[in-house]
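A.B. asks: Next comes my_file_7.cif, mmCIF, C-alpha atoms (C1' of nucleotides):
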```cif
data_model
loop_
_atom_site.label_atom_id
_atom_site.label_comp_id
_atom_site.auth_asym_id
_atom_site.auth_seq_id
_atom_site.Cartn_x
_atom_site.Cartn_y
_atom_site.Cartn_z
CA MET R 409 134.17 78.43 122.51
CA LYS R 410 131.95 80.60 124.68
CA ILE R 411 129.33 82.80 123.04
CA TYR R 412 127.62 85.28 125.35
CA SER R 413 124.47 87.30 124.77
CA TRP R 414 123.49 90.19 127.01
CA ASN R 415 120.99 93.04 126.86
CA VAL R 416 123.05 95.70 128.63
CA ASN R 417 120.33 98.39 128.61
CA GLY R 418 122.88 101.13 127.87
CA ILE R 419 126.53 100.27 127.24
CA ARG R 420 127.59 103.51 128.93
CA ALA R 421 125.74 102.47 132.09
CA VAL R 422 127.51 99.10 132.33
CA ALA R 423 130.82 100.71 131.35
CA LYS R 424 130.54 102.74 134.57
CA LYS R 425 129.79 99.58 136.57
CA GLY R 426 132.71 97.37 135.56
CA PHE R 427 131.84 96.06 132.09
CA LEU R 428 135.47 95.97 130.94
CA ASP R 429 136.58 94.09 134.05
CA TRP R 430 133.74 91.63 133.50
CA VAL R 431 134.88 90.98 129.92
CA ASP R 432 138.43 90.53 131.19
CA GLU R 433 137.26 87.93 133.71
CA GLU R 434 134.78 86.02 131.55
CA LYS R 435 136.94 86.08 128.43
CA PRO R 436 134.10 85.47 125.98
CA ASP R 437 135.15 84.25 122.57
CA ILE R 438 132.18 86.13 121.17
CA LEU R 439 130.06 88.66 123.08
CA CYS R 440 126.74 89.79 121.62
CA LEU R 441 125.17 92.89 123.15
CA GLN R 442 121.71 94.36 122.70
CA GLU R 443 120.30 97.78 123.63
CA ILE R 444 123.66 99.48 123.60
CA ARG R 445 121.76 102.80 123.34
CA ILE R 446 124.63 104.73 121.83
CA GLN R 447 125.73 106.11 118.48
CA GLU R 448 129.11 105.99 116.80
CA GLU R 449 130.19 109.52 117.70
CA GLN R 450 129.39 108.84 121.37
CA LEU R 451 131.32 105.59 121.58
CA GLN R 452 134.47 105.88 123.69
CA LYS R 453 137.66 104.31 122.36
CA LYS R 454 137.89 102.02 125.38
CA LEU R 455 134.55 100.48 124.34
CA LYS R 456 135.30 100.40 120.63
CA ASN R 457 138.76 98.89 121.06
CA ILE R 458 138.78 96.23 123.78
CA ASP R 459 142.14 94.46 123.98
CA GLY R 460 142.08 91.19 122.09
CA TYR R 461 138.74 91.78 120.37
CA TYR R 462 137.37 92.87 117.04
CA SER R 463 134.20 94.89 117.49
CA TYR R 464 131.21 95.41 115.22
CA PHE R 465 128.27 97.75 115.79
CA ASN R 466 124.85 98.44 114.33
CA TYR R 467 123.47 101.67 115.79
CA GLY R 468 119.87 102.82 115.96
CA GLU R 469 119.06 106.08 114.19
CA ARG R 470 117.36 107.53 117.27
CA LYS R 471 119.73 108.82 119.92
CA GLY R 472 119.94 106.67 123.04
CA TYR R 473 117.76 103.96 121.51
CA SER R 474 118.27 100.28 120.61
CA GLY R 475 121.50 99.24 118.86
CA VAL R 476 123.49 95.97 118.90
CA ALA R 477 127.15 94.99 118.99
CA ILE R 478 129.42 91.98 118.63
CA TYR R 479 132.85 91.67 120.22
CA SER R 480 134.89 88.77 118.85
CA LYS R 481 138.35 87.35 119.48
CA GLU R 482 138.36 85.92 115.97
CA GLU R 483 137.79 88.27 113.07
CA ALA R 484 134.45 87.62 111.37
CA LEU R 485 134.56 86.52 107.74
CA SER R 486 131.86 89.12 107.04
CA ILE R 487 129.45 91.41 108.86
CA GLU R 488 125.92 92.36 107.80
CA LYS R 489 124.00 95.15 109.52
CA GLY R 490 120.21 94.78 109.40
CA ILE R 491 118.14 92.49 107.22
CA GLY R 492 117.52 94.66 104.17
CA ILE R 493 114.16 96.10 105.28
CA ASP R 494 114.30 99.83 106.01
CA LYS R 495 111.61 100.04 108.67
CA PHE R 496 113.49 97.47 110.75
CA ASP R 497 117.02 98.42 109.83
CA GLU R 498 116.62 102.03 110.98
CA GLU R 499 116.26 100.80 114.56
CA GLY R 500 119.61 98.98 114.60
CA ARG R 501 118.27 95.67 115.89
CA VAL R 502 120.25 93.04 113.98
CA ILE R 503 123.91 92.35 113.29
CA THR R 504 125.09 89.16 111.60
CA ALA R 505 128.63 87.78 111.69
CA LYS R 506 129.81 84.90 109.53
CA TYR R 507 132.43 82.50 110.86
CA PRO R 508 133.93 79.40 109.24
CA ASN R 509 131.66 77.00 111.13
CA PHE R 510 128.45 79.02 111.65
CA THR R 511 126.67 82.31 111.11
CA LEU R 512 125.76 84.28 114.21
CA VAL R 513 122.68 86.53 114.19
CA ASN R 514 122.48 88.91 117.15
CA ILE R 515 119.02 90.44 117.61
CA TYR R 516 117.23 92.93 119.84
CA PHE R 517 113.58 92.13 119.17
CA PRO R 518 111.07 94.98 119.49
CA ASN R 519 109.04 95.50 122.65
CA GLY R 520 105.33 95.35 121.83
CA ARG R 521 103.88 96.94 124.92
CA SER R 522 103.65 100.64 124.11
CA SER R 523 100.93 100.51 121.41
CA LYS R 524 99.09 98.26 119.02
CA GLU R 525 101.26 99.71 116.24
CA ARG R 526 104.42 98.60 118.04
CA LEU R 527 102.91 95.16 118.65
CA GLN R 528 102.22 94.84 114.93
CA TYR R 529 105.76 96.04 114.19
CA LYS R 530 107.07 93.31 116.50
CA LEU R 531 104.94 90.63 114.81
CA ASP R 532 106.08 91.81 111.37
CA PHE R 533 109.67 91.70 112.63
CA HIS R 534 109.19 88.07 113.69
CA GLU R 535 108.20 87.01 110.18
CA ALA R 536 111.02 89.01 108.58
CA ILE R 537 113.60 87.49 110.93
CA LEU R 538 112.43 83.94 110.30
CA ASN R 539 112.67 84.54 106.55
CA TYR R 540 116.13 86.06 106.97
CA CYS R 541 117.43 83.14 109.05
CA ASN R 542 115.85 80.54 106.79
CA GLU R 543 117.58 82.16 103.81
CA LEU R 544 120.92 81.79 105.59
CA ARG R 545 120.17 78.11 106.19
CA ALA R 546 119.15 77.69 102.56
CA GLU R 547 122.60 79.02 101.65
CA GLY R 548 124.04 76.17 103.69
CA GLU R 549 124.86 78.10 106.85
CA LYS R 550 124.49 76.68 110.33
CA VAL R 551 123.03 79.49 112.40
CA ILE R 552 123.04 80.76 115.96
CA VAL R 553 120.26 83.27 116.61
CA CYS R 554 120.77 84.92 119.97
CA GLY R 555 119.52 87.98 121.76
CA ASP R 556 116.65 89.55 123.65
CA TYR R 557 113.52 88.04 122.06
CA ASN R 558 111.12 89.93 124.34
CA ILE R 559 108.99 86.77 124.46
CA ALA R 560 108.62 84.16 127.19
CA HIS R 561 107.77 80.92 125.41
CA LYS R 562 105.92 78.83 127.98
CA GLU R 563 104.42 79.14 131.45
CA ILE R 564 107.67 77.83 132.94
CA ASP R 565 109.44 80.84 131.43
CA LEU R 566 107.87 83.51 133.63
CA LYS R 567 106.82 83.89 137.26
CA ASN R 568 103.28 85.11 136.60
CA PRO R 569 101.92 83.49 133.42
CA ASP R 570 98.24 83.97 134.32
CA SER R 571 98.39 87.72 134.76
CA ASN R 572 100.44 88.16 131.59
CA LYS R 573 98.43 86.13 129.06
CA ASP R 574 97.07 89.34 127.53
CA LYS R 575 100.35 91.28 127.72
CA SER R 576 102.84 91.60 124.90
CA GLY R 577 105.75 89.34 125.73
CA PHE R 578 103.47 86.40 126.57
CA LEU R 579 100.65 86.72 124.03
CA PRO R 580 99.48 83.49 122.38
CA ILE R 581 100.46 84.87 118.97
CA GLU R 582 104.00 85.62 120.18
CA ARG R 583 104.34 82.23 121.88
CA LYS R 584 103.11 80.53 118.71
CA TRP R 585 105.88 82.21 116.76
CA ILE R 586 108.39 80.52 119.07
CA ASP R 587 106.55 77.22 118.48
CA LYS R 588 106.91 77.90 114.76
CA ILE R 589 110.65 78.50 114.78
CA ILE R 590 111.10 75.29 116.79
CA GLU R 591 108.98 73.39 114.26
CA GLN R 592 111.21 74.79 111.53
CA GLY R 593 114.34 73.32 113.10
CA TYR R 594 115.65 75.86 115.61
CA VAL R 595 116.49 74.67 119.12
CA ASP R 596 116.06 76.61 122.38
CA THR R 597 119.43 75.54 123.73
CA TYR R 598 118.87 76.45 127.40
CA ARG R 599 115.61 74.49 127.50
CA GLU R 600 117.30 71.56 125.78
CA PHE R 601 119.74 71.25 128.69
CA TYR R 602 117.29 72.23 131.44
CA PRO R 603 113.80 71.00 130.50
CA ASP R 604 112.29 71.66 133.94
CA THR R 605 114.31 74.52 135.43
CA GLU R 606 112.47 77.74 136.27
CA LYS R 607 115.11 80.34 135.73
CA TYR R 608 114.70 83.82 134.36
CA SER R 609 116.91 86.24 132.46
CA TRP R 610 115.04 89.54 133.04
CA TRP R 611 113.24 91.33 135.85
CA SER R 612 111.44 94.65 135.45
CA TYR R 613 113.00 97.54 137.31
CA ARG R 614 109.60 99.18 137.77
CA THR R 615 107.92 97.07 140.41
CA ARG R 616 110.98 95.87 142.30
CA ALA R 617 110.40 92.60 140.45
CA ARG R 618 113.85 91.28 141.33
CA GLU R 619 113.09 91.07 145.06
CA ARG R 620 110.03 88.97 144.32
CA ASN R 621 111.81 87.02 141.56
CA ALA R 622 108.97 88.09 139.27
CA GLY R 623 111.11 87.42 136.22
CA TRP R 624 110.91 86.30 132.62
CA ARG R 625 113.16 84.16 130.44
CA ILE R 626 113.31 86.25 127.27
CA ASP R 627 117.00 86.02 126.31
CA TYR R 628 117.86 83.00 124.17
CA HIS R 629 120.40 81.19 122.09
CA PHE R 630 118.48 79.38 119.41
CA VAL R 631 120.57 77.28 117.01
CA SER R 632 119.71 75.44 113.82
CA LYS R 633 119.51 71.80 114.85
CA ASP R 634 122.45 70.87 112.61
CA LEU R 635 124.61 72.73 115.16
CA MET R 636 123.35 70.85 118.23
CA GLU R 637 126.04 68.17 118.06
CA GLN R 638 128.58 70.93 118.74
CA VAL R 639 126.66 72.54 121.60
CA GLN R 640 128.25 71.59 124.92
CA SER R 641 126.21 73.71 127.33
CA ALA R 642 123.75 76.57 127.65
CA GLU R 643 123.41 78.67 130.79
CA ILE R 644 121.74 81.71 132.26
CA LEU R 645 124.42 83.55 134.22
CA ASN R 646 124.04 85.30 137.52
CA ASP R 647 123.17 88.92 138.02
CA VAL R 648 125.92 91.27 137.00
CA MET R 649 126.22 94.97 137.69
CA GLY R 650 122.64 95.26 138.87
CA SER R 651 121.35 95.08 135.30
CA ASP R 652 117.76 94.14 134.55
CA HIS R 653 118.95 91.38 132.16
CA CYS R 654 121.40 88.57 132.94
CA PRO R 655 123.89 87.44 130.33
CA VAL R 656 123.20 84.05 128.74
CA LEU R 657 125.89 81.69 127.53
CA LEU R 658 126.28 79.08 124.81
CA GLU R 659 129.32 76.84 124.76
CA LEU R 660 130.37 75.18 121.51
CA ALA R 661 133.01 72.52 120.86
CA ASP R 662 136.05 74.09 119.25
"C1'" DC W 1294 112.58 102.43 138.54
"C1'" DG W 1295 116.72 102.88 135.14
"C1'" DT W 1296 118.82 104.70 130.94
"C1'" DA W 1297 119.67 108.46 128.37
"C1'" DA W 1298 117.47 112.36 126.35
"C1'" DT W 1299 111.46 113.59 126.93
"C1'" DA W 1300 110.54 108.63 125.43
"C1'" DC W 1301 110.89 104.10 126.19
"C1'" DG W 1302 111.28 99.82 128.27
#
```
Starting from the file, give its structure as structure tokens.
C.D. replies:
Amino acid sequence: MKIYSWNVNGIRAVAKKGFLDWVDEEKPDILCLQEIRIQEEQLQKKLKNIDGYYSYFNYGERKGYSGVAIYSKEEALSIEKGIGIDKFDEEGRVITAKYPNFTLVNIYFPNGRSSKERLQYKLDFHEAILNYCNELRAEGEKVIVCGDYNIAHKEIDLKNPDSNKDKSGFLPIERKWIDKIIEQGYVDTYREFYPDTEKYSWWSYRTRARERNAGWRIDYHFVSKDLMEQVQSAEILNDVMGSDHCPVLLELAD
DNA sequence: CGTAATACG
């Protein structure tokens, strides 16, 4: 089965640029979206009810901000919105779907660049998420934790590591958190299959970064290592619809 | 610069 993760940066924007045709062509079994930037009353029926899919949403409280979604061919056994901590849950960053063989956690991690307060919020979010995922594992769940992490792990994961060592997204403390989740038994599936490939999943719109390939790999499928025997491939897909993020793909044995 | 509502990424 194919599990996609994609920061769409506005579901209404991609809806205008062929999102539904793309879903029809790719036929994801599960599609996780981040930054849908919409609220329930704004969501068109054609986006809520895609043929052949169940859909689940966690909206941010601020209009036009954050929000995550899961589209799924198979109905989830259960859905949880947020992680039970108000200051994080109000931003609509996490949605969790249980399936018979695994639990899928779809996350839009905070961006830490706008202020030191938002950086601290991001760091606090990291700890809360690790606790949340570890609790799922303690309950016996195999977990997939996908989404826009807003962190490049190592120098290979961004074009300009030197000039970004003091920027949120590539700070030592953020990179160490990725080290920590790996130590605790989560696997960066793309890097597992491609240990030496320099490929990115995001390019800033601001500085025409795409033309220079000044990108970052910040979109991941991590899995608990007890799932690795079922992982068949992990990929970063090509540019679609001129978005700043590319979709990333995890393929599991059925 | 792009998205969606005036800020945020």
A.B. asks: Taking all atoms listed in the file into account, find every residue of chain W that has an atom no more than 8 Å from chain R, and write it out as a VMD selection string.
C.D. replies: chain W and resid 1294 to 1298 1302
A.B. asks: Got a sec to check which residues sit within 8 Å of (128.7, 91.7, 129.9), counting all atoms listed in the file, and write them as a list in words?
C.D. replies: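 Within the cut-off we find Tyr412, Ser413, Trp414, Val416, Val422, Phe427, Trp430, Val431, Leu439, Leu441, Val648 and Pro655 of chain R.
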A.B. asks: Write out as an mmCIF file with C-alpha atoms, in the coordinates of the input which residues come within 7 Å of R:Thr597 when counting all atoms listed in the file, dropping same-chain ones fewer than 5 positions away.
C.D. replies:
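Saved to around28.cif:
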```cif
data_model
loop_
_atom_site.group_PDB
_atom_site.id
_atom_site.type_symbol
_atom_site.label_atom_id
_atom_site.label_comp_id
_atom_site.auth_asym_id
_atom_site.auth_seq_id
_atom_site.Cartn_x
_atom_site.Cartn_y
_atom_site.Cartn_z
ATOM 1 C CA HIS R 629 120.400 81.190 122.090
ATOM 2 C CA PHE R 630 118.480 79.380 119.410
ATOM 3 C CA ALA R 642 123.750 76.570 127.650
#
```
A.B. asks: Using the chain letters and numbers from the file, give me the residues hit by the PyMOL selection byres ((chain R and resi 593) around 9), as a ChimeraX atom specification.
C.D. replies: /R:588-592,594-595,631-634
A.B. asks: Could you tell me how far atom CA of R:Trp610 sits from atom CA of R:Ile626, in Å to one decimal place?
C.D. replies: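 Straight-line distance from atom CA of R:Ile626 to atom CA of R:Trp610 works out to 6.9 Å.
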A.B. asks: All heavy atoms are what I want for stretch 545-556 of chain R; can you complete it accordingly and write them as a PDB file, keeping the file's coordinate frame?
C.D. replies:
```pdb
ATOM      1  N   ARG R 545     120.102  79.583 106.156  1.00  0.00           N
ATOM      2  CA  ARG R 545     120.170  78.110 106.190  1.00  0.00           C
ATOM      3  C   ARG R 545     120.087  77.537 104.781  1.00  0.00           C
ATOM      4  O   ARG R 545     120.762  76.557 104.470  1.00  0.00           O
ATOM      5  CB  ARG R 545     119.060  77.556 107.066  1.00  0.00           C
ATOM      6  CG  ARG R 545     119.286  77.858 108.531  1.00  0.00           C
ATOM      7  CD  ARG R 545     118.070  77.499 109.338  1.00  0.00           C
ATOM      8  NE  ARG R 545     117.907  76.069 109.528  1.00  0.00           N
ATOM      9  CZ  ARG R 545     116.741  75.500 109.818  1.00  0.00           C
ATOM     10  NH1 ARG R 545     115.649  76.228 109.930  1.00  0.00           N
ATOM     11  NH2 ARG R 545     116.675  74.200 110.009  1.00  0.00           N
ATOM     12  N   ALA R 546     119.267  78.161 103.950  1.00  0.00           N
ATOM     13  CA  ALA R 546     119.150  77.690 102.560  1.00  0.00           C
ATOM     14  C   ALA R 546     120.462  77.865 101.800  1.00  0.00           C
ATOM     15  O   ALA R 546     120.747  77.131 100.849  1.00  0.00           O
ATOM     16  CB  ALA R 546     118.024  78.436 101.856  1.00  0.00           C
ATOM     17  N   GLU R 547     121.269  78.830 102.247  1.00  0.00           N
ATOM     18  CA  GLU R 547     122.600  79.020 101.650  1.00  0.00           C
ATOM     19  C   GLU R 547     123.616  78.032 102.216  1.00  0.00           C
ATOM     20  O   GLU R 547     124.800  78.089 101.861  1.00  0.00           O
ATOM     21  CB  GLU R 547     123.081  80.460 101.904  1.00  0.00           C
ATOM     22  CG  GLU R 547     122.286  81.512 101.144  1.00  0.00           C
ATOM     23  CD  GLU R 547     122.493  82.930 101.687  1.00  0.00           C
ATOM     24  OE1 GLU R 547     123.408  83.124 102.531  1.00  0.00           O
ATOM     25  OE2 GLU R 547     121.740  83.814 101.280  1.00  0.00           O
ATOM     26  N   GLY R 548     123.167  77.189 103.135  1.00  0.00           N
ATOM     27  CA  GLY R 548     124.040  76.170 103.690  1.00  0.00           C
ATOM     28  C   GLY R 548     124.672  76.530 105.016  1.00  0.00           C
ATOM     29  O   GLY R 548     125.514  75.785 105.519  1.00  0.00           O
ATOM     30  N   GLU R 549     124.271  77.662 105.574  1.00  0.00           N
ATOM     31  CA  GLU R 549     124.860  78.100 106.850  1.00  0.00           C
ATOM     32  C   GLU R 549     124.200  77.392 108.023  1.00  0.00           C
ATOM     33  O   GLU R 549     122.974  77.217 108.050  1.00  0.00           O
ATOM     34  CB  GLU R 549     124.671  79.612 107.026  1.00  0.00           C
ATOM     35  CG  GLU R 549     125.322  80.467 105.960  1.00  0.00           C
ATOM     36  CD  GLU R 549     126.832  80.364 105.961  1.00  0.00           C
ATOM     37  OE1 GLU R 549     127.421  80.295 107.051  1.00  0.00           O
ATOM     38  OE2 GLU R 549     127.424  80.326 104.866  1.00  0.00           O
ATOM     39  N   LYS R 550     125.012  77.015 109.010  1.00  0.00           N
ATOM     40  CA  LYS R 550     124.490  76.680 110.330  1.00  0.00           C
ATOM     41  C   LYS R 550     124.340  77.992 111.080  1.00  0.00           C
ATOM     42  O   LYS R 550     125.236  78.844 110.998  1.00  0.00           O
ATOM     43  CB  LYS R 550     125.456  75.762 111.081  1.00  0.00           C
ATOM     44  CG  LYS R 550     125.685  74.428 110.398  1.00  0.00           C
ATOM     45  CD  LYS R 550     126.791  73.642 111.117  1.00  0.00           C
ATOM     46  CE  LYS R 550     127.145  72.396 110.332  1.00  0.00           C
ATOM     47  NZ  LYS R 550     128.306  71.706 110.914  1.00  0.00           N
ATOM     48  N   VAL R 551     123.249  78.177 111.806  1.00  0.00           N
ATOM     49  CA  VAL R 551     123.030  79.490 112.400  1.00  0.00           C
ATOM     50  C   VAL R 551     122.826  79.427 113.911  1.00  0.00           C
ATOM     51  O   VAL R 551     122.265  78.473 114.459  1.00  0.00           O
ATOM     52  CB  VAL R 551     121.829  80.224 111.757  1.00  0.00           C
ATOM     53  CG1 VAL R 551     122.087  80.484 110.271  1.00  0.00           C
ATOM     54  CG2 VAL R 551     120.538  79.487 111.947  1.00  0.00           C
ATOM     55  N   ILE R 552     123.326  80.475 114.561  1.00  0.00           N
ATOM     56  CA  ILE R 552     123.040  80.760 115.960  1.00  0.00           C
ATOM     57  C   ILE R 552     122.264  82.065 115.961  1.00  0.00           C
ATOM     58  O   ILE R 552     122.719  83.050 115.359  1.00  0.00           O
ATOM     59  CB  ILE R 552     124.333  80.915 116.776  1.00  0.00           C
ATOM     60  CG1 ILE R 552     125.175  79.650 116.712  1.00  0.00           C
ATOM     61  CG2 ILE R 552     124.014  81.299 118.227  1.00  0.00           C
ATOM     62  CD1 ILE R 552     126.582  79.817 117.293  1.00  0.00           C
ATOM     63  N   VAL R 553     121.092  82.073 116.588  1.00  0.00           N
ATOM     64  CA  VAL R 553     120.260  83.270 116.610  1.00  0.00           C
ATOM     65  C   VAL R 553     120.033  83.646 118.072  1.00  0.00           C
ATOM     66  O   VAL R 553     119.197  83.042 118.755  1.00  0.00           O
ATOM     67  CB  VAL R 553     118.913  83.047 115.893  1.00  0.00           C
ATOM     68  CG1 VAL R 553     118.151  84.361 115.771  1.00  0.00           C
ATOM     69  CG2 VAL R 553     119.119  82.403 114.527  1.00  0.00           C
ATOM     70  N   CYS R 554     120.823  84.602 118.544  1.00  0.00           N
ATOM     71  CA  CYS R 554     120.770  84.920 119.970  1.00  0.00           C
ATOM     72  C   CYS R 554     120.286  86.346 120.182  1.00  0.00           C
ATOM     73  O   CYS R 554     120.242  87.155 119.258  1.00  0.00           O
ATOM     74  CB  CYS R 554     122.146  84.735 120.608  1.00  0.00           C
ATOM     75  SG  CYS R 554     123.369  85.961 120.144  1.00  0.00           S
ATOM     76  N   GLY R 555     119.904  86.615 121.422  1.00  0.00           N
ATOM     77  CA  GLY R 555     119.520  87.980 121.760  1.00  0.00           C
ATOM     78  C   GLY R 555     118.338  88.045 122.709  1.00  0.00           C
ATOM     79  O   GLY R 555     117.931  87.045 123.309  1.00  0.00           O
ATOM     80  N   ASP R 556     117.821  89.263 122.818  1.00  0.00           N
ATOM     81  CA  ASP R 556     116.650  89.550 123.650  1.00  0.00           C
ATOM     82  C   ASP R 556     115.418  89.436 122.772  1.00  0.00           C
ATOM     83  O   ASP R 556     115.131  90.326 121.979  1.00  0.00           O
ATOM     84  CB  ASP R 556     116.777  90.960 124.243  1.00  0.00           C
ATOM     85  CG  ASP R 556     115.537  91.365 125.027  1.00  0.00           C
ATOM     86  OD1 ASP R 556     114.594  90.554 125.143  1.00  0.00           O
ATOM     87  OD2 ASP R 556     115.508  92.512 125.515  1.00  0.00           O
TER      88      ASP R 556
END
```
